[in-house]
file upload.tsv (TSV, C-alpha atoms and all ligand atoms)
chain	number	residue	atom	x	y	z
H	435	MET	CA	106.39	127.33	90.39
H	436	THR	CA	102.61	127.48	90.07
H	437	ALA	CA	99.87	124.86	89.99
H	438	ALA	CA	100.01	125.12	86.20
H	439	ASP	CA	103.51	123.57	86.26
H	440	PHE	CA	102.00	120.33	87.57
H	441	THR	CA	100.08	117.70	85.69
H	442	THR	CA	97.11	115.65	86.85
H	443	ARG	CA	95.85	112.24	85.85
H	444	PRO	CA	93.62	109.49	87.26
H	445	LEU	CA	95.19	107.38	89.98
H	446	VAL	CA	96.45	103.89	89.07
H	447	ALA	CA	97.22	100.85	91.19
H	448	ASP	CA	100.96	101.44	90.90
H	449	ASP	CA	100.61	104.80	92.70
H	450	TYR	CA	99.85	103.00	95.96
H	451	ALA	CA	103.47	102.27	96.92
H	452	ALA	CA	104.60	105.89	96.45
H	453	ALA	CA	101.55	107.17	98.32
H	454	ARG	CA	102.17	104.76	101.20
H	455	ARG	CA	105.77	105.97	101.49
H	456	VAL	CA	104.79	109.62	102.03
H	457	ALA	CA	101.24	109.64	103.42
H	458	ASP	CA	102.07	109.49	107.16
H	459	ASP	CA	104.64	112.29	106.85
H	460	TRP	CA	102.41	114.43	104.68
H	461	PHE	CA	99.44	114.04	107.04
H	462	GLY	CA	101.54	114.33	110.19
H	463	HIS	CA	100.14	111.13	111.69
H	464	PRO	CA	99.71	107.49	110.64
H	465	VAL	CA	96.90	107.23	108.12
H	466	GLY	CA	96.63	103.44	108.34
H	467	LEU	CA	93.84	101.81	106.39
H	468	THR	CA	92.12	105.14	105.78
H	469	MET	CA	94.30	105.03	102.67
H	470	HIS	CA	93.27	101.50	101.79
H	471	ARG	CA	94.78	99.91	98.71
H	472	LEU	CA	91.32	99.32	97.25
H	473	PHE	CA	91.13	103.06	96.48
H	474	PHE	CA	94.01	102.54	94.07
H	475	ASP	CA	93.37	99.03	92.77
H	476	GLN	CA	89.60	99.17	92.40
H	477	LEU	CA	88.58	102.85	92.53
H	478	GLY	CA	91.74	104.43	91.10
H	479	PRO	CA	90.17	105.97	87.99
H	480	TYR	CA	87.90	108.12	90.17
H	481	GLY	CA	90.88	109.52	92.09
H	482	VAL	CA	93.36	112.20	91.05
H	483	TRP	CA	97.17	112.20	91.04
H	484	ILE	CA	99.05	115.49	90.78
H	485	GLY	CA	102.76	115.75	90.22
H	486	ARG	CA	105.68	116.89	88.17
H	487	ASN	CA	108.29	114.84	86.31
H	488	GLU	CA	106.74	111.57	87.54
H	489	THR	CA	107.05	112.69	91.18
H	490	MET	CA	103.80	112.76	93.13
H	491	ALA	CA	102.96	116.10	94.74
H	492	GLY	CA	99.52	115.15	96.05
H	493	LEU	CA	96.55	112.90	95.59
H	494	LEU	CA	92.80	112.73	96.06
H	495	LEU	CA	90.78	109.61	96.78
H	496	GLY	CA	87.10	110.03	95.95
H	497	LEU	CA	84.15	108.41	94.25
H	498	PRO	CA	80.63	108.96	92.99
H	499	SER	CA	78.23	107.91	95.75
H	500	ALA	CA	76.32	104.69	95.09
H	501	ALA	CA	73.73	105.65	97.73
H	502	GLU	CA	73.26	109.23	96.51
H	503	PRO	CA	73.92	109.24	92.75
H	504	ASP	CA	74.00	113.05	92.53
H	505	LEU	CA	76.79	113.20	95.13
H	506	ALA	CA	80.57	113.17	94.61
H	507	TYR	CA	82.39	112.15	97.78
H	508	VAL	CA	85.99	113.05	98.68
H	509	HIS	CA	87.40	110.50	101.06
H	510	PHE	CA	90.99	111.73	101.40
H	511	HIS	CA	93.27	114.29	99.84
H	512	VAL	CA	96.73	115.50	100.66
H	513	VAL	CA	99.47	117.73	99.21
H	514	ASP	CA	103.22	117.56	99.85
H	515	PRO	CA	103.83	120.01	102.77
H	516	ALA	CA	106.66	121.62	100.77
H	517	LEU	CA	104.20	122.54	98.02
H	518	ARG	CA	101.21	123.74	100.02
H	519	GLY	CA	99.66	127.13	99.47
H	520	GLY	CA	100.28	127.04	95.73
H	521	GLY	CA	96.88	125.89	94.56
H	522	LEU	CA	97.58	122.15	94.21
H	523	GLY	CA	94.88	121.13	96.67
H	524	ALA	CA	92.31	123.26	94.87
H	525	ARG	CA	93.44	121.79	91.55
H	526	LEU	CA	92.85	118.26	92.87
H	527	TYR	CA	89.33	119.27	93.85
H	528	ARG	CA	88.64	121.00	90.56
H	529	ASP	CA	89.80	118.02	88.50
H	530	PHE	CA	87.76	115.60	90.61
H	531	GLY	CA	84.74	117.93	90.65
H	532	ARG	CA	84.87	118.37	86.87
H	533	ALA	CA	84.98	114.61	86.25
H	534	MET	CA	82.14	113.96	88.73
H	535	HIS	CA	80.02	116.78	87.30
H	536	ALA	CA	80.47	115.28	83.83
H	537	ARG	CA	79.02	112.04	85.26
H	538	GLY	CA	75.96	113.90	86.53
H	539	CYS	CA	76.93	114.73	90.12
H	540	THR	CA	75.57	118.08	91.30
H	541	ARG	CA	76.94	118.08	94.89
H	542	ILE	CA	80.31	117.37	96.46
H	543	ARG	CA	80.92	116.35	100.09
H	544	ALA	CA	83.97	115.91	102.29
H	545	LEU	CA	84.49	115.38	106.02
H	546	ALA	CA	86.91	117.15	108.33
H	547	GLN	CA	87.88	116.63	111.94
H	548	PRO	CA	87.02	119.91	113.72
H	549	ARG	CA	90.58	120.21	115.08
H	550	ARG	CA	92.15	119.97	111.62
H	551	VAL	CA	92.05	123.72	111.03
H	552	GLY	CA	93.93	123.46	107.72
H	553	SER	CA	91.33	121.17	106.22
H	554	VAL	CA	88.50	123.32	107.62
H	555	GLY	CA	90.06	126.50	106.16
H	556	PHE	CA	90.67	124.82	102.82
H	557	HIS	CA	87.07	123.70	102.42
H	558	GLU	CA	85.70	127.08	103.50
H	559	ALA	CA	87.99	128.81	100.99
H	560	LEU	CA	86.56	126.59	98.26
H	561	GLY	CA	83.03	127.62	99.16
H	562	PHE	CA	81.96	124.54	101.11
H	563	VAL	CA	79.50	124.94	103.96
H	564	GLY	CA	80.19	122.79	107.00
H	565	THR	CA	77.81	121.30	109.54
H	566	LEU	CA	79.12	119.83	112.79
H	567	HIS	CA	77.94	116.27	113.43
H	568	PRO	CA	78.73	115.17	117.00
H	569	ASP	CA	79.78	111.49	117.32
H	570	TYR	CA	79.70	111.07	113.53
H	571	MET	CA	82.47	108.43	113.54
H	572	GLY	CA	81.60	107.07	117.00
H	573	PRO	CA	81.35	108.36	120.58
H	574	GLY	CA	83.41	111.54	120.95
H	575	ASP	CA	84.60	111.41	117.32
H	576	ASP	CA	82.93	114.44	115.75
H	577	ARG	CA	83.14	115.48	112.11
H	578	ILE	CA	82.29	118.56	110.12
H	579	VAL	CA	80.40	117.48	107.01
H	580	PHE	CA	81.31	119.94	104.25
H	581	GLU	CA	79.16	120.18	101.17
H	582	ARG	CA	78.64	122.48	98.19
H	583	ALA	CA	77.22	122.43	94.69
H	584	LEU	CA	79.08	121.33	91.58
H	585	PRO	CA	80.60	122.63	89.40
H	586	LEU	CA	83.39	124.24	91.39
H	587	ASP	CA	84.71	127.64	90.37
H	588	GLU	CA	86.89	126.91	87.33
H	589	SER	CA	88.12	130.49	86.92
H	590	ARG	CA	91.08	129.90	89.24
H	591	ALA	CA	92.00	126.43	87.91
A	601	LIG	C1	94.32	120.65	102.96
A	601	LIG	C2	95.45	120.65	101.91
A	601	LIG	C3	95.24	119.51	100.93
A	601	LIG	C4	95.42	121.99	101.15
A	601	LIG	O1	96.35	121.92	100.06
A	601	LIG	P1	97.03	123.24	99.42
A	601	LIG	O2	97.68	122.85	98.16
A	601	LIG	O3	97.86	123.93	100.45
A	601	LIG	O4	95.72	124.13	99.14
A	601	LIG	P2	95.62	125.34	98.07
A	601	LIG	O5	96.93	126.05	98.00
A	601	LIG	O6	95.05	124.83	96.82
A	601	LIG	O7	94.56	126.29	98.79
A	601	LIG	C5	93.24	126.44	98.32
A	601	LIG	C6	92.54	127.44	99.21
A	601	LIG	O8	92.46	126.90	100.54
A	601	LIG	C7	93.07	127.83	101.45
A	601	LIG	N1	93.82	127.08	102.45
A	601	LIG	C8	94.72	126.10	102.20
A	601	LIG	N2	95.27	125.68	103.36
A	601	LIG	C9	94.70	126.44	104.34
A	601	LIG	C10	94.88	126.50	105.75
A	601	LIG	N3	95.76	125.70	106.39
A	601	LIG	N4	94.14	127.38	106.47
A	601	LIG	C11	93.26	128.21	105.84
A	601	LIG	N5	93.06	128.19	104.49
A	601	LIG	C12	93.78	127.33	103.76
A	601	LIG	C13	94.01	128.67	100.61
A	601	LIG	O9	94.26	129.92	101.19
A	601	LIG	C14	93.27	128.76	99.30
A	601	LIG	O10	92.30	129.78	99.39
A	601	LIG	P3	92.22	130.96	98.27
A	601	LIG	O11	92.00	130.25	96.96
A	601	LIG	O12	91.06	131.78	98.73
A	601	LIG	O13	93.54	131.62	98.31
A	601	LIG	C15	96.85	120.51	102.59
A	601	LIG	O14	96.98	121.50	103.59
A	601	LIG	C16	97.10	119.15	103.21
A	601	LIG	O15	97.56	118.23	102.53
A	601	LIG	N6	96.82	119.00	104.53
A	601	LIG	C17	97.04	117.73	105.24
A	601	LIG	C18	96.06	116.67	104.82
A	601	LIG	C19	94.60	117.02	105.11
A	601	LIG	O16	94.27	117.63	106.12
A	601	LIG	N7	93.71	116.60	104.19
A	601	LIG	C20	92.27	116.85	104.31
A	601	LIG	C21	91.55	115.77	105.02
A	601	LIG	S1	91.48	114.22	104.07
call {"tool": "encode", "arguments": {"input": "upload.tsv", "output": "structure tokens"}}
result
Amino acid sequence: MTAADFTTRPLVADDYAAARRVADDWFGHPVGLTMHRLFFDQLGPYGVWIGRNETMAGLLLGLPSAAEPDLAYVHFHVVDPALRGGGLGARLYRDFGRAMHARGCTRIRALAQPRRVGSVGFHEALGFVGTLHPDYMGPGDDRIVFERALPLDESRA
């Protein structure tokens, strides 16, 4: 199976329940309100669902920045651990990046905890450049702020 066997669409409110059922397992820790329902109910159309035969294989929560109108911001994205390494994560980013670029965004940003080596490797593979920001989320809670230009490379989509 390849990424081309999966379909993508905007998120809808009804995706929340299925996402809540799997998110902690897929992340490997409780995600809590980081995956707030408002991302589905109110911001859903900016997000991306990927799956096959109605079964969710991953999702991306993101939005165009209100503070920086040229910026697309990825808040959260995850792929079913059983399906990782097959291009689904990159496909989520490409779909989101394409939609945001069509709205006029020329940059895309995402955060990563420095110890989450998978997320760091993923963003570097997609051509993001990361800058370490000590205490970004509060004392002792550092983040790498990853950013790159849009559009993303579509040749591998
Ligand atoms: C990060 C994540 C979404 C990647 O999904 P994926 O479907 O496995 O990613 P892809 O197969 O599309 O990989 C895209 C590129 O990233 C690279 N990559 C993916 N996971 C990687 C890892 N753990 N380490 C290094 N590179 C990695 C791939 O090699 C690929 O590079 P290439 O195109 O040069 O071959 C997935 O590992 C995940 O859900 N992790 C847990 C949740 C998380 O950390 N989310 C991010 C913070 S919100």
call {"tool": "residues_near_point", "arguments": {"input": "upload.tsv", "point": "(104.3, 104.9, 95.4)", "cutoff": "12 Å", "atoms": "all atoms listed in the file", "output": "PyMOL selection string"}}
result
chain H and resi 445-457+471+474+483+488-493
call {"tool": "residues_around", "arguments": {"input": "upload.tsv", "residues": "H:Ser499", "least_positions_apart": "3", "cutoff": "12 Å", "atoms": "all atoms listed in the file", "output": "MDAnalysis selection string"}}
result
chainID H and resid 477 480 496 502:509 534 537:544
call {"tool": "closest_atom_pairs", "arguments": {"input": "upload.tsv", "of": "chain H", "to": "ligand LIG 601 (chain A)", "cutoff": "9 Å", "atoms": "all atoms listed in the file", "output": "JSON lines"}}
result
{"residue": "H:Ala437", "atom": "CA", "partner": "A:LIG601", "partner_atom": "O6", "distance": 8.4}
{"residue": "H:Ala457", "atom": "CA", "partner": "A:LIG601", "partner_atom": "C18", "distance": 8.8}
{"residue": "H:Trp460", "atom": "CA", "partner": "A:LIG601", "partner_atom": "C17", "distance": 6.3}
{"residue": "H:Phe461", "atom": "CA", "partner": "A:LIG601", "partner_atom": "C17", "distance": 4.8}
{"residue": "H:Gly462", "atom": "CA", "partner": "A:LIG601", "partner_atom": "C17", "distance": 7.5}
{"residue": "H:Gly492", "atom": "CA", "partner": "A:LIG601", "partner_atom": "O15", "distance": 7.4}
{"residue": "H:Leu493", "atom": "CA", "partner": "A:LIG601", "partner_atom": "C3", "distance": 8.6}
{"residue": "H:Leu494", "atom": "CA", "partner": "A:LIG601", "partner_atom": "S1", "distance": 8.3}
{"residue": "H:Leu495", "atom": "CA", "partner": "A:LIG601", "partner_atom": "S1", "distance": 8.7}
{"residue": "H:Val508", "atom": "CA", "partner": "A:LIG601", "partner_atom": "S1", "distance": 7.8}
{"residue": "H:His509", "atom": "CA", "partner": "A:LIG601", "partner_atom": "S1", "distance": 6.3}
{"residue": "H:Phe510", "atom": "CA", "partner": "A:LIG601", "partner_atom": "S1", "distance": 3.7}
{"residue": "H:His511", "atom": "CA", "partner": "A:LIG601", "partner_atom": "S1", "distance": 4.6}
{"residue": "H:Val512", "atom": "CA", "partner": "A:LIG601", "partner_atom": "O15", "distance": 3.4}
{"residue": "H:Val513", "atom": "CA", "partner": "A:LIG601", "partner_atom": "O15", "distance": 3.9}
{"residue": "H:Asp514", "atom": "CA", "partner": "A:LIG601", "partner_atom": "O15", "distance": 6.3}
{"residue": "H:Pro515", "atom": "CA", "partner": "A:LIG601", "partner_atom": "O15", "distance": 6.5}
{"residue": "H:Leu517", "atom": "CA", "partner": "A:LIG601", "partner_atom": "O2", "distance": 6.5}
{"residue": "H:Arg518", "atom": "CA", "partner": "A:LIG601", "partner_atom": "O3", "distance": 3.4}
{"residue": "H:Gly519", "atom": "CA", "partner": "A:LIG601", "partner_atom": "O5", "distance": 3.3}
{"residue": "H:Gly520", "atom": "CA", "partner": "A:LIG601", "partner_atom": "O5", "distance": 4.2}
{"residue": "H:Gly521", "atom": "CA", "partner": "A:LIG601", "partner_atom": "O6", "distance": 3.1}
{"residue": "H:Leu522", "atom": "CA", "partner": "A:LIG601", "partner_atom": "O2", "distance": 4.0}
{"residue": "H:Gly523", "atom": "CA", "partner": "A:LIG601", "partner_atom": "O2", "distance": 3.6}
{"residue": "H:Ala524", "atom": "CA", "partner": "A:LIG601", "partner_atom": "O6", "distance": 3.7}
{"residue": "H:Arg525", "atom": "CA", "partner": "A:LIG601", "partner_atom": "O6", "distance": 6.3}
{"residue": "H:Leu526", "atom": "CA", "partner": "A:LIG601", "partner_atom": "O6", "distance": 8.0}
{"residue": "H:Tyr527", "atom": "CA", "partner": "A:LIG601", "partner_atom": "O6", "distance": 8.5}
{"residue": "H:Ala544", "atom": "CA", "partner": "A:LIG601", "partner_atom": "S1", "distance": 7.9}
{"residue": "H:Leu545", "atom": "CA", "partner": "A:LIG601", "partner_atom": "C21", "distance": 7.1}
{"residue": "H:Ala546", "atom": "CA", "partner": "A:LIG601", "partner_atom": "C21", "distance": 5.9}
{"residue": "H:Gln547", "atom": "CA", "partner": "A:LIG601", "partner_atom": "C21", "distance": 7.9}
{"residue": "H:Arg550", "atom": "CA", "partner": "A:LIG601", "partner_atom": "O16", "distance": 6.3}
{"residue": "H:Val551", "atom": "CA", "partner": "A:LIG601", "partner_atom": "N4", "distance": 6.2}
{"residue": "H:Gly552", "atom": "CA", "partner": "A:LIG601", "partner_atom": "N3", "distance": 3.2}
{"residue": "H:Ser553", "atom": "CA", "partner": "A:LIG601", "partner_atom": "C1", "distance": 4.5}
{"residue": "H:Val554", "atom": "CA", "partner": "A:LIG601", "partner_atom": "N4", "distance": 7.0}
{"residue": "H:Gly555", "atom": "CA", "partner": "A:LIG601", "partner_atom": "C11", "distance": 3.6}
{"residue": "H:Phe556", "atom": "CA", "partner": "A:LIG601", "partner_atom": "O8", "distance": 3.6}
{"residue": "H:His557", "atom": "CA", "partner": "A:LIG601", "partner_atom": "O8", "distance": 6.5}
{"residue": "H:Glu558", "atom": "CA", "partner": "A:LIG601", "partner_atom": "O8", "distance": 7.4}
{"residue": "H:Ala559", "atom": "CA", "partner": "A:LIG601", "partner_atom": "O10", "distance": 4.7}
{"residue": "H:Leu560", "atom": "CA", "partner": "A:LIG601", "partner_atom": "C6", "distance": 6.1}
{"residue": "H:Arg590", "atom": "CA", "partner": "A:LIG601", "partner_atom": "O11", "distance": 7.8}
call {"tool": "closest_residue", "arguments": {"input": "upload.tsv", "among": "H:Gly531, H:Ala536, H:Leu584, H:Leu497", "to": "H:Gln476", "atoms": "only C-alpha atoms"}}
result
H:Leu497
call {"tool": "atom_distance", "arguments": {"input": "upload.tsv", "atom1": "atom CA of H:Pro548", "atom2": "atom CA of H:Ile484"}}
result
26.3 Å
call {"tool": "closest_residue", "arguments": {"input": "upload.tsv", "among": "H:Met435, H:Phe473, H:Glu581, H:Pro498", "to": "H:His535", "atoms": "all atoms listed in the file"}}
result
H:Pro498
call {"tool": "residues_near_point", "arguments": {"input": "upload.tsv", "point": "(81.6, 118.7, 108.8)", "cutoff": "7 Å", "atoms": "all atoms listed in the file", "output": "JSON, numbers by chain"}}
result
{"H": [545, 546, 564, 565, 566, 567, 577, 578, 579, 580]}
call {"tool": "axis_aligned_box", "arguments": {"input": "upload.tsv", "around": "stretch 458-464 of chain H", "padding_each_side": "5 Å", "output": "lines of an AutoDock Vina configuration file"}}
result
center_x = 102.0
center_y = 111.0
center_z = 108.2
size_x = 15.2
size_y = 16.9
size_z = 17.0
call {"tool": "atom_distance", "arguments": {"input": "upload.tsv", "atom1": "atom CA of H:Arg582", "atom2": "atom CA of H:Ala533"}}
result
15.6 Å
call {"tool": "atom_distance", "arguments": {"input": "upload.tsv", "atom1": "atom CA of H:Ala438", "atom2": "atom CA of H:Gly478"}}
result
22.8 Å
call {"tool": "closest_residue", "arguments": {"input": "upload.tsv", "among": "H:Asp576, H:Arg532, H:Gly481, H:Ala583", "to": "H:Phe562", "atoms": "all atoms listed in the file"}}
result
H:Ala583
